[in-house]
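What follows is the content of run-v5.txt, which has compact mmCIF, C-alpha atoms:
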# COMPACT_ATOMS: atom_id res chain seq x y z
CA MET A 1 36.51 -1.33 -22.58
CA ALA A 2 33.46 -2.93 -20.94
CA SER A 3 30.69 -4.28 -23.10
CA ASN A 4 27.28 -2.59 -22.81
CA SER A 5 25.32 -5.71 -23.67
CA GLY A 6 22.39 -6.85 -21.55
CA GLN A 7 24.33 -9.87 -20.36
CA SER A 8 27.20 -7.69 -19.12
CA PHE A 9 24.76 -5.40 -17.33
CA ILE A 10 23.15 -8.37 -15.55
CA LYS A 11 26.53 -9.82 -14.63
CA ARG A 12 27.66 -6.49 -13.10
CA ASN A 13 24.45 -5.67 -11.22
CA ARG A 14 22.99 -9.03 -10.25
CA PRO A 15 25.05 -12.11 -10.93
CA PRO A 16 22.88 -15.02 -12.05
CA ARG A 17 22.28 -17.89 -9.66
CA VAL A 18 22.47 -20.44 -12.46
CA HIS A 19 25.80 -20.74 -14.24
CA ILE A 20 25.95 -22.60 -17.53
CA PHE A 21 29.40 -23.40 -18.90
CA TYR A 22 29.87 -24.10 -22.58
CA GLU A 23 33.00 -25.86 -23.72
CA ASP A 24 34.30 -24.35 -26.91
CA PRO A 25 34.58 -27.24 -29.40
CA PHE A 26 37.58 -25.67 -31.13
CA ASP A 27 39.59 -25.00 -27.98
CA ALA A 28 38.85 -27.66 -25.33
CA GLU A 29 40.87 -25.81 -22.68
CA GLN A 30 38.63 -22.75 -22.71
CA LYS A 31 35.15 -22.70 -21.14
CA VAL A 32 32.66 -19.97 -21.93
CA GLU A 33 30.15 -18.98 -19.23
CA LEU A 34 26.62 -18.24 -20.41
CA PRO A 35 24.38 -16.29 -18.01
CA PHE A 36 20.94 -17.77 -17.46
CA VAL A 37 18.31 -15.14 -18.21
CA MET A 38 14.69 -16.13 -18.63
CA GLY A 39 11.71 -14.21 -19.93
CA ILE A 40 8.11 -15.24 -19.39
CA MET A 41 5.05 -13.79 -21.05
CA ALA A 42 1.91 -14.41 -19.02
CA ASP A 43 -1.31 -12.81 -17.85
CA LEU A 44 -0.84 -13.20 -14.11
CA SER A 45 -3.95 -11.33 -12.96
CA GLY A 46 -6.18 -14.35 -13.47
CA ASP A 47 -9.93 -13.96 -13.84
CA SER A 48 -10.38 -11.69 -10.86
CA PRO A 49 -13.64 -9.72 -11.18
CA GLY A 50 -13.41 -5.94 -10.97
CA VAL A 51 -9.84 -5.77 -12.26
CA GLU A 52 -9.68 -3.82 -15.50
CA LYS A 53 -7.35 -5.32 -18.09
CA SER A 54 -6.00 -3.35 -21.00
CA ASP A 55 -5.79 -4.85 -24.48
CA ILE A 56 -2.87 -7.17 -25.07
CA ASP A 57 -1.25 -4.85 -27.61
CA GLU A 58 -1.36 -1.98 -25.09
CA ARG A 59 0.30 -3.93 -22.28
CA LYS A 60 3.93 -3.34 -21.45
CA LEU A 61 6.53 -5.87 -20.39
CA LEU A 62 7.43 -5.65 -16.71
CA ASP A 63 10.74 -6.48 -15.14
CA ILE A 64 10.03 -8.66 -12.09
CA ASP A 65 12.81 -9.67 -9.73
CA MET A 66 13.14 -10.56 -6.07
CA ASP A 67 13.39 -6.89 -5.06
CA ASN A 68 10.14 -5.70 -6.65
CA PHE A 69 8.11 -8.95 -6.65
CA SER A 70 5.79 -7.90 -3.79
CA LYS A 71 5.04 -4.50 -5.34
CA ARG A 72 4.37 -6.03 -8.76
CA MET A 73 2.10 -8.67 -7.26
CA GLU A 74 0.08 -6.06 -5.40
CA ALA A 75 -0.23 -3.97 -8.58
CA ILE A 76 -1.27 -6.93 -10.75
CA GLU A 77 -3.92 -8.04 -8.20
CA PRO A 78 -4.04 -11.71 -9.11
CA GLY A 79 -7.26 -13.42 -8.20
CA THR A 80 -9.93 -15.83 -9.25
CA SER A 81 -13.62 -16.51 -8.80
CA PHE A 82 -15.42 -19.82 -9.07
CA THR A 83 -18.24 -21.87 -7.60
CA VAL A 84 -17.82 -25.03 -5.58
CA LYS A 85 -20.14 -27.57 -4.03
CA ASP A 86 -21.16 -26.33 -0.59
CA LYS A 87 -20.13 -29.05 1.84
CA ILE A 88 -20.24 -26.79 4.89
CA SER A 89 -24.00 -26.21 5.11
CA GLY A 90 -24.73 -29.91 4.70
CA GLU A 91 -27.42 -29.28 2.09
CA ASP A 92 -27.26 -31.31 -1.10
CA ASN A 93 -26.97 -29.66 -4.52
CA THR A 94 -26.02 -26.22 -3.20
CA LYS A 95 -23.19 -24.20 -4.63
CA MET A 96 -20.99 -21.60 -2.96
CA SER A 97 -19.47 -18.69 -4.86
CA VAL A 98 -15.82 -18.05 -3.99
CA GLN A 99 -13.78 -14.95 -4.85
CA LEU A 100 -10.11 -14.95 -3.95
CA ARG A 101 -7.61 -12.09 -4.23
CA PHE A 102 -3.91 -12.34 -3.59
CA LYS A 103 -1.76 -9.35 -2.62
CA ASN A 104 1.35 -11.24 -1.53
CA MET A 105 2.67 -14.79 -1.40
CA ASP A 106 1.34 -15.33 2.13
CA ASP A 107 -2.21 -15.02 0.75
CA PHE A 108 -1.76 -18.44 -0.91
CA THR A 109 -1.51 -20.26 2.44
CA PRO A 110 -4.57 -22.34 3.44
CA GLY A 111 -5.38 -20.13 6.44
CA LYS A 112 -5.36 -16.91 4.39
CA VAL A 113 -7.49 -18.51 1.66
CA ALA A 114 -9.98 -19.68 4.31
CA GLU A 115 -10.20 -16.13 5.70
CA GLN A 116 -11.41 -14.89 2.30
CA VAL A 117 -14.38 -17.30 2.21
CA PRO A 118 -16.98 -16.24 4.84
CA ALA A 119 -18.22 -19.78 5.60
CA LEU A 120 -14.67 -21.06 6.03
CA LYS A 121 -13.71 -18.00 8.08
CA LYS A 122 -16.40 -18.89 10.65
CA LEU A 123 -15.02 -22.41 10.93
CA LEU A 124 -11.45 -21.13 11.18
CA ASP A 125 -12.42 -18.66 13.93
CA ALA A 126 -14.20 -21.44 15.83
CA ARG A 127 -11.13 -23.64 15.49
CA ARG A 128 -8.88 -20.88 16.79
CA SER A 129 -11.25 -20.29 19.72
CA LEU A 130 -11.24 -23.99 20.58
CA ALA A 131 -7.45 -24.09 20.37
CA ALA A 132 -7.25 -21.11 22.73
CA LEU A 133 -9.73 -22.79 25.10
CA ARG A 134 -7.73 -26.00 24.98
CA THR A 135 -4.54 -24.13 25.82
CA MET A 136 -6.28 -22.32 28.66
CA MET A 137 -7.76 -25.57 30.03
CA ASP A 138 -4.48 -27.49 29.88
CA GLY A 139 -3.82 -28.98 33.32
CA ARG A 140 -7.18 -28.03 34.84
CA VAL A 141 -8.65 -31.47 35.42
CA GLN A 142 -11.78 -30.37 37.33
CA ALA A 143 -12.78 -27.85 34.65
CA ILE A 144 -12.24 -30.44 31.92
CA SER A 145 -14.44 -32.97 33.72
CA GLN A 146 -17.21 -30.35 34.12
CA LEU A 147 -17.07 -29.53 30.41
CA GLU A 148 -17.27 -33.23 29.55
CA GLU A 149 -20.35 -33.53 31.80
CA LEU A 150 -21.98 -30.58 30.07
CA THR A 151 -21.38 -31.97 26.61
CA ARG A 152 -22.84 -35.38 27.54
CA ASP A 153 -26.21 -33.92 28.62
CA PRO A 154 -28.21 -32.84 25.50
CA ALA A 155 -30.94 -31.07 27.53
CA LEU A 156 -28.34 -28.97 29.34
CA MET A 157 -26.60 -28.15 26.06
CA GLN A 158 -29.94 -27.02 24.57
CA ALA A 159 -30.61 -24.81 27.60
CA LEU A 160 -27.14 -23.27 27.34
CA ALA A 161 -27.65 -22.60 23.61
CA GLN A 162 -31.00 -20.88 24.27
CA LYS A 163 -29.46 -18.80 27.07
CA MET A 164 -26.61 -17.74 24.82
CA GLU A 165 -29.00 -16.80 21.98
CA SER A 166 -31.15 -14.69 24.33
CA GLU A 167 -28.06 -12.91 25.71
CA GLN A 168 -26.84 -12.19 22.18
CA ALA A 169 -30.25 -10.81 21.23
CA GLU A 170 -30.27 -8.59 24.34
CA SER A 171 -26.79 -7.27 23.68
CA LYS A 172 -27.76 -6.56 20.07
CA THR A 173 -30.84 -4.56 21.11
CA ASP A 174 -28.76 -2.71 23.73
CA ALA A 175 -26.22 -1.80 21.06
CA GLU A 176 -29.00 -0.58 18.76
CA LYS A 177 -30.44 1.55 21.57
CA GLY A 178 -26.98 3.00 22.19
CA ASP A 179 -26.67 3.88 18.50
CA ASP A 180 -30.09 5.56 18.53
CA SER A 181 -29.22 7.67 21.59
CA GLU A 182 -25.93 8.79 19.98
CA GLU A 183 -27.77 9.93 16.84
CA ALA A 184 -30.29 12.02 18.83

This structure in structure tokens:
Amino acid sequence: MASNSGQSFIKRNRPPRVHIFYEDPFDAEQKVELPFVMGIMADLSGDSPGVEKSDIDERKLLDIDMDNFSKRMEAIEPGTSFTVKDKISGEDNTKMSVQLRFKNMDDFTPGKVAEQVPALKKLLDARRSLAALRTMMDGRVQAISQLEELTRDPALMQALAQKMESEQAESKTDAEKGDDSEEA
């Protein structure tokens, strides 16, 4: 007759990865295997704003394993909010508010964290654009030399920046005019 204990259930359904053997002190020939089962009590949602938390005595224990980990993580909505010194703007004594939310384990990677902070996202997008430009320019010696010439001349760079700003302003006003004509 099979035992209905929790250890037997675990052994039948999901054998443990860690095996601990205990030598019986009274019979040295026999080894007893003890399954490794661990329970953790923790508030894993962090201090994420906007996430309602029930009282501790109303919370229920959740079974988390490798099959349901992603679903549990999405339901718990772990996150945090904090302020850091703003080193991006270059201004002294300024602080930047950061709010991070994590829906899966990939959200903990540096790139995904940077995408959640608007100032860092701009820098990351610029870096990706430069990497794409570098890949596109690979092997084109004449184009590379022209770009180097452009970057050495500050007056030309200023003129290009003004031209780009005016084109962006024009495209923005054209888009607004298009929106107005659609509403009419």

* Quick one: pull the distance between CA of Gln158 (chain A) and CA of Val141 (chain A), Å, one decimal. =>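 Atom-to-atom, CA of Gln158 (chain A) to CA of Val141 (chain A), that is 24.3 Å.
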
* So which one's closest to Ser81 (chain A), A:Phe21, A:Phe36, A:Phe102, A:Phe26? Using all atoms listed in the file, please. -> A:Phe102

* To do: Find the spatial neighbours of Gly39 (chain A), counting all atoms listed in the file, within a cut-off of 10 Å - ignore same-chain residues fewer than 4 positions away - and output them as a PyMOL selection string.
  => chain A and resi 61+63-64

* **Interatomic distance, CA of Lys60 (chain A) to CA of Met41 (chain A) (Å, one decimal)** =>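 Computing it gives 10.5 Å between the two atoms.
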
* Within-6 Å shell of (-9.8, -18.4, -1.4) in input frame, all atoms listed in the file, as a list in words ->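 Protein, DNA and RNA residues close to (-9.8, -18.4, -1.4): Leu100, Val113, Ala114, Gln116 and Val117 of chain A.
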
* Structure fact -> One residue among A:Ala75, A:Val32, A:Asn68, A:Ala155 is nearest to Lys53 (chain A) when using all atoms listed in the file, and that residue is A:Ala75

* To do: State, in Å with one decimal place, the distance from CA of Val84 (chain A) to CA of Ser54 (chain A).
  =>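 Answer for the CA of Val84 (chain A) to CA of Ser54 (chain A) separation: 29.1 Å.
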
Starting from 6 Å padding per side, set up an axis-aligned box that covers all listed atoms of region 25-38 of chain A and hand over centre and edge lengths in Å, one decimal, as lines of an AutoDock Vina configuration file.
center_x = 27.8
center_y = -21.4
center_z = -24.3
size_x = 38.2
size_y = 24.5
size_z = 25.7

* For region 107-111 of chain A, list every protein, DNA or RNA residue within 12 Å, evaluated using all atoms listed in the file, and leave out those in the same chain fewer than 5 positions away; present the list as a list of chain:residue names. =>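 Result of the neighbour search: A:Ser70, A:Met73, A:Glu74, A:Glu77, A:Pro78, A:Gly79, A:Thr80, A:Leu100, A:Arg101, A:Phe102, A:Gln116, A:Val117, A:Leu120, A:Lys121, A:Lys122, A:Leu123, A:Leu124, A:Asp125, A:Arg127, A:Arg128.
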